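J.: File protein21.txt below, compact mmCIF, C-alpha atoms:
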```txt
# COMPACT_ATOMS: atom_id res chain seq x y z
CA MET A 18 -4.18 -7.23 25.60
CA SER A 19 -1.31 -5.44 23.86
CA ALA A 20 -0.43 -6.22 20.26
CA LYS A 21 2.87 -7.73 21.36
CA ASN A 22 1.35 -9.87 24.08
CA GLY A 23 -1.56 -10.66 21.77
CA ARG A 24 0.78 -12.39 19.34
CA LEU A 25 2.10 -14.59 22.15
CA ASP A 26 -1.45 -15.51 23.13
CA LEU A 27 -2.71 -16.28 19.64
CA ILE A 28 -2.38 -20.06 19.86
CA SER A 29 -4.62 -20.29 22.92
CA GLY A 30 -6.68 -17.17 22.41
CA LEU A 31 -7.96 -17.22 18.83
CA LYS A 32 -11.15 -18.72 17.50
CA GLY A 33 -11.67 -19.01 13.78
CA THR A 34 -8.11 -19.91 12.83
CA ASP A 35 -9.43 -22.94 10.94
CA GLU A 36 -11.15 -20.51 8.59
CA MET A 37 -8.10 -18.76 7.17
CA CYS A 38 -4.73 -17.48 8.23
CA GLY A 39 -4.44 -15.00 11.04
CA ARG A 40 -2.40 -12.46 9.12
CA TYR A 41 -2.51 -10.17 6.09
CA TYR A 42 -0.29 -7.34 4.90
CA VAL A 43 -0.59 -3.75 3.71
CA ASP A 44 1.90 -1.76 1.63
CA ASP A 45 2.21 1.86 0.50
CA GLU A 46 0.10 1.27 -2.60
CA THR A 47 -2.72 -0.11 -0.46
CA ALA A 48 -2.64 3.00 1.71
CA GLN A 49 -2.62 5.26 -1.34
CA GLU A 50 -5.62 3.44 -2.80
CA ILE A 51 -7.59 3.99 0.41
CA GLU A 52 -6.75 7.68 0.20
CA LYS A 53 -8.17 7.79 -3.34
CA ILE A 54 -11.43 6.22 -2.22
CA VAL A 55 -11.90 8.19 0.99
CA ARG A 56 -10.88 11.82 1.14
CA LYS A 57 -9.41 13.40 4.29
CA VAL A 58 -7.84 10.17 5.46
CA SER A 59 -5.19 10.83 8.08
CA GLU A 60 -1.70 9.50 7.36
CA LYS A 61 -1.68 8.21 10.96
CA MET A 62 -4.43 5.79 10.02
CA MET A 63 -2.46 4.14 7.24
CA HIS A 64 -0.82 1.16 8.89
CA ARG A 65 1.77 -0.65 6.76
CA GLY A 66 3.29 -4.10 7.07
CA ASP A 67 1.86 -7.32 8.50
CA ILE A 68 -1.44 -7.05 10.35
CA TYR A 69 -2.13 -9.53 13.16
CA PRO A 70 -5.29 -10.20 15.21
CA THR A 71 -5.67 -7.78 18.15
CA GLN A 72 -3.88 -5.08 16.11
CA GLN A 73 -5.56 -2.02 14.64
CA ALA A 74 -5.95 -1.65 10.88
CA SER A 75 -7.49 0.82 8.43
CA ILE A 76 -11.00 -0.29 7.51
CA LEU A 77 -13.54 1.10 5.01
CA HIS A 78 -17.08 1.38 6.41
CA LYS A 79 -20.26 3.45 6.40
CA LYS A 80 -20.44 6.63 8.46
CA GLU A 81 -23.50 8.85 8.16
CA ASN A 82 -24.47 7.02 4.95
CA VAL A 83 -21.19 7.74 3.16
CA LEU A 84 -17.98 5.76 2.74
CA SER A 85 -15.44 6.45 5.45
CA SER A 86 -12.26 4.96 6.90
CA SER A 87 -11.30 4.31 10.52
CA LEU A 88 -8.84 2.36 12.59
CA MET A 89 -10.44 -0.73 14.13
CA THR A 90 -9.11 -3.71 16.06
CA TRP A 91 -9.05 -7.11 14.38
CA GLY A 92 -11.17 -9.53 16.38
CA PHE A 93 -14.59 -9.63 18.06
CA PRO A 94 -14.52 -10.37 21.80
CA GLY A 95 -15.52 -13.99 22.39
CA ILE A 96 -17.81 -15.35 25.09
CA GLU A 97 -14.84 -16.80 26.96
CA GLU A 98 -12.40 -14.39 28.57
CA ASN A 99 -9.29 -13.56 26.52
CA ARG A 100 -10.74 -15.27 23.43
CA ILE A 101 -11.42 -13.46 20.18
CA LEU A 102 -13.19 -14.27 16.93
CA ILE A 103 -11.18 -13.23 13.87
CA ASN A 104 -13.27 -14.80 11.06
CA ALA A 105 -16.91 -15.44 10.23
CA ARG A 106 -18.17 -17.89 7.62
CA SER A 107 -20.04 -15.84 5.03
CA GLU A 108 -22.47 -18.69 4.32
CA SER A 109 -23.73 -18.91 7.91
CA ALA A 110 -22.97 -15.49 9.43
CA MET A 111 -26.62 -14.44 9.15
CA GLU A 112 -27.55 -17.39 11.39
CA LYS A 113 -25.02 -16.62 14.14
CA PRO A 114 -25.99 -14.21 16.95
CA ALA A 115 -22.40 -12.96 17.15
CA PHE A 116 -22.46 -11.84 13.50
CA LYS A 117 -26.06 -11.40 12.29
CA SER A 118 -26.63 -7.79 13.35
CA ALA A 119 -23.24 -6.66 12.06
CA LEU A 120 -23.80 -8.35 8.69
CA GLN A 121 -27.14 -6.59 8.36
CA GLN A 122 -26.00 -3.14 9.42
CA MET A 123 -22.21 -2.79 9.80
CA ARG A 124 -20.38 -4.22 6.83
CA CYS A 125 -16.83 -3.17 6.02
CA ILE A 126 -13.95 -3.72 3.63
CA ILE A 127 -10.45 -4.70 4.74
CA PRO A 128 -7.93 -3.54 2.10
CA ALA A 129 -4.73 -5.56 1.74
CA ARG A 130 -1.89 -6.25 -0.63
CA GLY A 131 -2.33 -9.93 0.18
CA PHE A 132 -2.80 -12.51 2.91
CA TYR A 133 -0.83 -15.43 4.30
CA GLU A 134 -1.80 -19.06 4.70
CA TRP A 135 0.03 -22.15 5.89
CA ASP A 136 -0.46 -25.60 4.42
CA LYS A 137 -0.63 -28.85 6.42
CA SER A 138 3.16 -29.07 6.36
CA LYS A 139 3.40 -25.56 7.86
CA ASN A 140 4.78 -24.08 4.64
CA LYS A 141 3.99 -20.36 4.48
CA MET A 142 2.30 -19.01 1.36
CA ALA A 143 1.19 -15.54 0.36
CA PHE A 144 -1.74 -14.85 -1.94
CA GLU A 145 -2.09 -11.69 -4.02
CA SER A 146 -4.13 -10.42 -6.94
CA ILE A 147 -2.90 -11.77 -10.28
CA ASP A 148 -3.09 -8.33 -11.89
CA GLY A 149 -1.30 -6.59 -9.01
CA HIS A 150 -4.38 -4.78 -7.73
CA ILE A 151 -5.35 -4.36 -4.10
CA ILE A 152 -7.35 -7.17 -2.47
CA TRP A 153 -10.64 -6.01 -0.97
CA MET A 154 -11.68 -8.46 1.78
CA ALA A 155 -15.30 -8.34 2.92
CA GLY A 156 -15.84 -8.00 6.65
CA ILE A 157 -18.18 -6.86 9.38
CA TRP A 158 -17.58 -4.63 12.38
CA LYS A 159 -19.18 -3.63 15.66
CA PRO A 160 -18.47 -1.46 18.70
CA SER A 161 -17.15 -3.05 21.89
CA GLU A 162 -16.10 -1.82 25.30
CA HIS A 163 -12.55 -1.55 23.96
CA GLY A 164 -13.50 0.29 20.76
CA ASN A 165 -14.66 -0.68 17.29
CA CYS A 166 -13.55 -4.10 16.06
CA PHE A 167 -13.89 -6.18 12.89
CA VAL A 168 -13.70 -9.74 11.54
CA VAL A 169 -12.91 -11.02 8.05
CA LEU A 170 -15.60 -12.99 6.25
CA THR A 171 -14.45 -16.26 4.69
CA THR A 172 -15.76 -18.52 1.95
CA ALA A 173 -14.85 -21.85 0.37
CA ALA A 174 -11.40 -21.73 -1.21
CA ASN A 175 -11.25 -21.29 -4.98
CA HIS A 176 -8.83 -23.31 -7.11
CA SER A 177 -6.00 -20.86 -6.39
CA VAL A 178 -6.08 -21.53 -2.64
CA GLU A 179 -7.62 -24.98 -2.17
CA SER A 180 -4.30 -26.85 -2.40
CA VAL A 181 -3.16 -24.94 0.69
CA HIS A 182 -6.39 -24.43 2.67
CA ASP A 183 -10.09 -25.12 2.22
CA ARG A 184 -11.13 -21.58 3.26
CA MET A 185 -10.13 -18.11 2.11
CA PRO A 186 -11.23 -14.49 2.60
CA LEU A 187 -14.37 -13.40 0.77
CA ILE A 188 -12.80 -11.04 -1.78
CA LEU A 189 -14.81 -8.43 -3.65
CA GLU A 190 -13.98 -6.29 -6.68
CA ARG A 191 -13.02 -2.60 -6.50
CA GLY A 192 -16.35 -1.66 -8.07
CA GLU A 193 -18.30 -3.61 -5.44
CA ILE A 194 -17.02 -1.71 -2.40
CA ASP A 195 -19.88 0.81 -2.25
CA ASP A 196 -22.49 -1.91 -2.87
CA TRP A 197 -21.17 -4.12 -0.08
CA ILE A 198 -20.97 -1.33 2.48
CA LEU A 199 -23.99 0.78 1.56
CA ASP A 200 -26.54 -1.54 -0.11
CA GLN A 201 -28.13 -4.26 2.03
CA LYS A 202 -29.66 -5.89 -1.05
CA PHE A 203 -26.15 -6.74 -2.24
CA ILE A 204 -25.48 -9.08 0.71
CA GLU A 205 -27.22 -12.12 -0.74
CA TYR A 206 -25.16 -11.98 -3.93
CA ALA A 207 -21.87 -11.14 -2.24
CA ILE A 208 -21.84 -13.96 0.33
CA ARG A 209 -22.16 -16.50 -2.49
CA LYS A 210 -19.52 -14.92 -4.68
CA ILE A 211 -16.55 -17.02 -5.82
CA PRO A 212 -13.43 -14.85 -5.52
CA GLU A 213 -11.32 -14.24 -8.61
CA PRO A 214 -8.14 -16.36 -9.04
CA LEU A 215 -5.09 -15.29 -7.05
CA LYS A 216 -1.36 -15.83 -7.48
CA LYS A 217 0.45 -17.90 -4.86
CA ILE A 218 3.86 -16.84 -3.60
CA SER A 219 6.01 -19.36 -1.72
CA ASN A 220 8.06 -18.55 1.35
CA TYR A 221 11.25 -18.51 -0.75
CA GLN A 222 9.75 -16.00 -3.15
CA GLN A 223 8.55 -13.87 -0.23
CA ILE A 224 12.13 -13.60 1.04
CA SER A 225 13.28 -12.18 -2.30
CA LEU A 226 10.24 -9.90 -2.61
CA PHE A 227 9.95 -8.48 0.89
CA ASP A 228 13.35 -8.81 2.58
CA GLU A 229 15.70 -7.19 0.09
```
Take the structure from the file and write it as structure tokens.
T.:
Amino acid sequence: MSAKNGRLDLISGLKGTDEMCGRYYVDDETAQEIEKIVRKVSEKMMHRGDIYPTQQASILHKKENVLSSSLMTWGFPGIEENRILINARSESAMEKPAFKSALQQMRCIIPARGFYEWDKSKNKMAFESIDGHIIWMAGIWKPSEHGNCFVVLTTAANHSVESVHDRMPLILERGEIDDWILDQKFIEYAIRKIPEPLKKISNYQQISLFDE
């Protein structure tokens, strides 16, 4: 499924869209921050702009017991043909066969400037860090016949997001990246973590911020 065709198939092909939005975005600062964390990161790996399911994105993960970065495809293959899983509930991922092994052994971080969500009236909102820092979304990854792929872990929405949606990405702090990826003992704490408050940007504000 190509990225272009994948977007057309999202309505019928995605599972997990009740968990959070199916899109986040990366800017130059996000890419530069990844380069600071992981040395020898190829410029070709630094995708900018909106990231959709079925597209590739730059992901932080463990490789030979050190922090590394690779391009992976957003979405685990589902049981049904042409269906993908884009999210996993952090609270129950350890109980799900599709996610348990990856949560135990193949955790990752999805860096982003922010993510989008739509309310019940289909109004588009963006959520970013209040202090302007990069958002570090917790995730898991695994190999598939089409290459390595990842999903975003979600948790109950905090007060910043709950008026728009009852779920949000599980967001970690910059100093927790190594612990999440490299230390299995950190899992129990992380999956119960309440993300820090975020700032909400309306669709009107997004036009002035991103389309000038």
J.: In Å, how far is it from atom CA of Pro186 of chain A to atom CA of Ser109 of chain A?
T.: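 Computing it gives 14.3 Å between the two atoms.
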J.: Could you tell me how far atom CA of Ile198 of chain A lies from atom CA of Ile54 of chain A, in Å and to one decimal?
T.: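 A separation of 13.0 Å between them.
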J.: Is it possible to get the residues within 6 Å of (-4.7, -26.2, 4.8) (coordinates as in the file, counting all atoms listed in the file) written as a PDB file with C-alpha atoms, in the frame of the given file?
T.:
```pdb
ATOM      1  CA  ASP A 136      -0.460 -25.600   4.420  1.00  0.00           C
ATOM      2  CA  LYS A 137      -0.630 -28.850   6.420  1.00  0.00           C
ATOM      3  CA  VAL A 181      -3.160 -24.940   0.690  1.00  0.00           C
ATOM      4  CA  HIS A 182      -6.390 -24.430   2.670  1.00  0.00           C
TER       5      HIS A 182
END
```
J.: Between atom CA of Leu170 of chain A and atom CA of Gly156 of chain A, what distance in Å does the model show, to one decimal?
T.: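 Atom CA of Gly156 of chain A lies at a distance of 5.0 Å from atom CA of Leu170 of chain A.
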J.: Tell me, as a PDB file with C-alpha atoms, keeping the file's coordinate frame, which residues lie within 12 Å of Asn82 of chain A, counting only C-alpha atoms; anything in the same chain fewer than 3 positions away does not count.
T.:
```pdb
ATOM      1  CA  HIS A  78     -17.080   1.380   6.410  1.00  0.00           C
ATOM      2  CA  LYS A  79     -20.260   3.450   6.400  1.00  0.00           C
ATOM      3  CA  SER A  85     -15.440   6.450   5.450  1.00  0.00           C
ATOM      4  CA  GLN A 122     -26.000  -3.140   9.420  1.00  0.00           C
ATOM      5  CA  MET A 123     -22.210  -2.790   9.800  1.00  0.00           C
ATOM      6  CA  ASP A 195     -19.880   0.810  -2.250  1.00  0.00           C
ATOM      7  CA  ILE A 198     -20.970  -1.330   2.480  1.00  0.00           C
ATOM      8  CA  LEU A 199     -23.990   0.780   1.560  1.00  0.00           C
ATOM      9  CA  ASP A 200     -26.540  -1.540  -0.110  1.00  0.00           C
TER      10      ASP A 200
END
```
J.: Which is closest to Lys210 of chain A among A:Tyr42, A:Phe116, A:Phe93, A:Trp197, if we use all atoms listed in the file?
T.: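 Smallest separation from Lys210 of chain A among the options: A:Trp197.
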J.: A:Ile126, A:Ile51, A:Val43, A:Val83: which is nearest Ile68 of chain A, counting all atoms listed in the file?
T.: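 The answer is A:Val43, which sits nearest to Ile68 of chain A.
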J.: Which is closest to Arg191 of chain A among A:Phe167, A:Trp158, A:Trp153, A:Phe203, if we use only C-alpha atoms?
T.: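 Ranking A:Phe167, A:Trp158, A:Trp153, A:Phe203 by distance to Arg191 of chain A, first place goes to A:Trp153.
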J.: Using all atoms listed in the file, find the one residue out of A:Lys202, A:Glu193, A:Ile76, A:Lys217 that sits nearest to Cys125 of chain A.
T.: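 Using all atoms listed in the file, Cys125 of chain A sits closest to A:Ile76.
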J.: Residues at most 12 Å from Met111 of chain A, counting all atoms listed in the file, excluding those fewer than 3 positions away in the same chain, as JSON, numbers by chain?
T.: {"A": [105, 106, 107, 108, 114, 115, 116, 117, 118, 119, 120, 121, 122, 157, 170, 204, 205, 208]}
J.: Can those selected residues be exported to a file as a compact mmCIF listing (two decimals), in the coordinates of the input so that it contains C-alpha atoms?
T.:
```
# COMPACT_ATOMS: atom_id res chain seq x y z
CA ALA A 105 -16.91 -15.44 10.23
CA ARG A 106 -18.17 -17.89 7.62
CA SER A 107 -20.04 -15.84 5.03
CA GLU A 108 -22.47 -18.69 4.32
CA PRO A 114 -25.99 -14.21 16.95
CA ALA A 115 -22.40 -12.96 17.15
CA PHE A 116 -22.46 -11.84 13.50
CA LYS A 117 -26.06 -11.40 12.29
CA SER A 118 -26.63 -7.79 13.35
CA ALA A 119 -23.24 -6.66 12.06
CA LEU A 120 -23.80 -8.35 8.69
CA GLN A 121 -27.14 -6.59 8.36
CA GLN A 122 -26.00 -3.14 9.42
CA ILE A 157 -18.18 -6.86 9.38
CA LEU A 170 -15.60 -12.99 6.25
CA ILE A 204 -25.48 -9.08 0.71
CA GLU A 205 -27.22 -12.12 -0.74
CA ILE A 208 -21.84 -13.96 0.33
```
